Every structure is written in C-alpha cells, then in structure tokens.
Amino acid sequence: MRMPRPGSRWSRERITRRALYDSYMNSKAWRDKRRAWYARWLTLMGTPPRCLVCGRGWTLRTGQLHHLTYMRLGAEEPEDLLPLCAADHAKLHELFGNCATWRRLGRSAATAGIIAVLRRRHPARASGLAS
C-alpha cells in the first residue's frame, strides 16, 4: 500500500479505502477489466496503445492504466482509464501527490495537465524521436 505523503496523516476511513483499492488492483476482476480495455482499444484504434507521455508501446504485461476518477472503481468506463508506462505513471502520481495545486484542480484536470508537462519534459518527445 502506498504510504501517506510526509507530514500527512491518513484517517482510518482513508486507510480502509486504500486497502480496498489495493485488493481490487490485485484481483481477477481488475485483470479482466484491463484485458477488456485493451481489446476495446485495439478494436477502436486499430493499433496497440502507447504510453501517452513517452510513446512507448503499451502491453498488458508491462503497461499500466491510470484512473481519471475513482468514482466508478470496480465499474470503470473505458474512458476512465489512460495507458501509461510504469515510469511515467509513477512520475504522474509523484507530481499529483506532492503538489497541492495539482490536487486542487481535481484528478481528471490535473492528469491532463501533468501529462502535458511530462510530454514537454520527455527527452524523446522533445527531440522528435518518439512516435
């Protein structure tokens, strides 16, 4: 389970929600949701997904899906999930978790802004090497 930010305290309710989230993320239901998301992407786009930041190929084995909202956790809509590589997903969460300004925007708006920032900072994107 992810630890609280330095200096913050998690309520008992937050700890319970986090444990439920961790349980779901390790469940067959989540694995099935990822497979369904991937199949839908292939059908709609005709090509495998790529990380929205760096452009690396995204696979069920190596890719991660970022939740735009937790409001439908367990019953996510395909539009709630964004493909990211593990490194860029970690960077996104680090920026969101460590910056009150991003958190005040809300998860969905902050995600769009952080992805834009990370894309500008990414060396392969900046040099035009990523597709």
# chains A, B, ... in the order shown; residues from 1 in each chain; ligands from 1
$ select_by_dssp --residues "region 6-45 of chain A" --states "helix (DSSP H, G or I)" --output "JSON list (two decimals) with C-alpha atoms, in the first residue's frame"
[["chain", "number", "residue", "atom", "x", "y", "z"],
["A", 12, "ARG", "CA", -9.00, 5.26, 9.38],
["A", 13, "GLU", "CA", -11.50, 5.64, 6.51],
["A", 14, "ARG", "CA", -8.73, 6.51, 4.05],
["A", 15, "ILE", "CA", -6.67, 3.53, 5.18],
["A", 16, "THR", "CA", -9.70, 1.27, 4.66],
["A", 17, "ARG", "CA", -10.37, 2.74, 1.17],
["A", 18, "ARG", "CA", -6.71, 2.30, 0.26],
["A", 19, "ALA", "CA", -6.74, -1.35, 1.36],
["A", 20, "LEU", "CA", -9.86, -1.99, -0.75],
["A", 21, "TYR", "CA", -8.19, -0.29, -3.71],
["A", 22, "ASP", "CA", -5.04, -2.40, -3.34],
["A", 23, "SER", "CA", -7.14, -5.55, -3.09],
["A", 24, "TYR", "CA", -9.03, -4.63, -6.28],
["A", 25, "MET", "CA", -5.84, -3.81, -8.18],
["A", 28, "LYS", "CA", -9.02, -11.14, -11.27],
["A", 29, "ALA", "CA", -11.74, -8.53, -11.83],
["A", 30, "TRP", "CA", -9.07, -5.86, -12.48],
["A", 31, "ARG", "CA", -7.08, -8.19, -14.76],
["A", 32, "ASP", "CA", -10.28, -8.88, -16.72],
["A", 33, "LYS", "CA", -11.05, -5.14, -16.89],
["A", 34, "ARG", "CA", -7.56, -4.46, -18.28],
["A", 35, "ARG", "CA", -7.98, -7.18, -20.93],
["A", 36, "ALA", "CA", -11.38, -5.78, -21.94],
["A", 37, "TRP", "CA", -9.94, -2.25, -22.08],
["A", 38, "TYR", "CA", -7.07, -3.46, -24.28],
["A", 39, "ALA", "CA", -9.37, -5.36, -26.65],
["A", 40, "ARG", "CA", -11.64, -2.31, -26.98],
["A", 41, "TRP", "CA", -8.64, -0.06, -27.70],
["A", 42, "LEU", "CA", -7.44, -2.41, -30.45],
["A", 43, "THR", "CA", -10.92, -2.53, -31.98],
["A", 44, "LEU", "CA", -11.43, 1.23, -31.93],
["A", 45, "MET", "CA", -7.91, 2.40, -32.78]]
$ select_by_dssp --residues "region 52-119 of chain A" --states "strand (DSSP E or B)" --output "PyMOL selection string"
chain A and resi 57+64-67+81-84
$ closest_residue --among "A:Tyr70, A:Leu52, A:Ala86, A:Arg107" --to "His122 (chain A)" --atoms "only C-alpha atoms"
A:Leu52
$ atom_distance --atom1 "CA of Leu118 (chain A)" --atom2 "CA of Gly46 (chain A)"
25.8 Å
$ closest_residue --among "A:Ala75, A:Leu60, A:Leu65, A:Ile114" --to "Glu94 (chain A)" --atoms "only C-alpha atoms"
A:Ile114
$ closest_residue --among "A:Ala100, A:Ser11, A:Asn26, A:His93" --to "His66 (chain A)" --atoms "only C-alpha atoms"
A:His93
$ closest_residue --among "A:Gly74, A:Leu68, A:Asp88, A:Arg50" --to "Arg119 (chain A)" --atoms "only C-alpha atoms"
A:Asp88
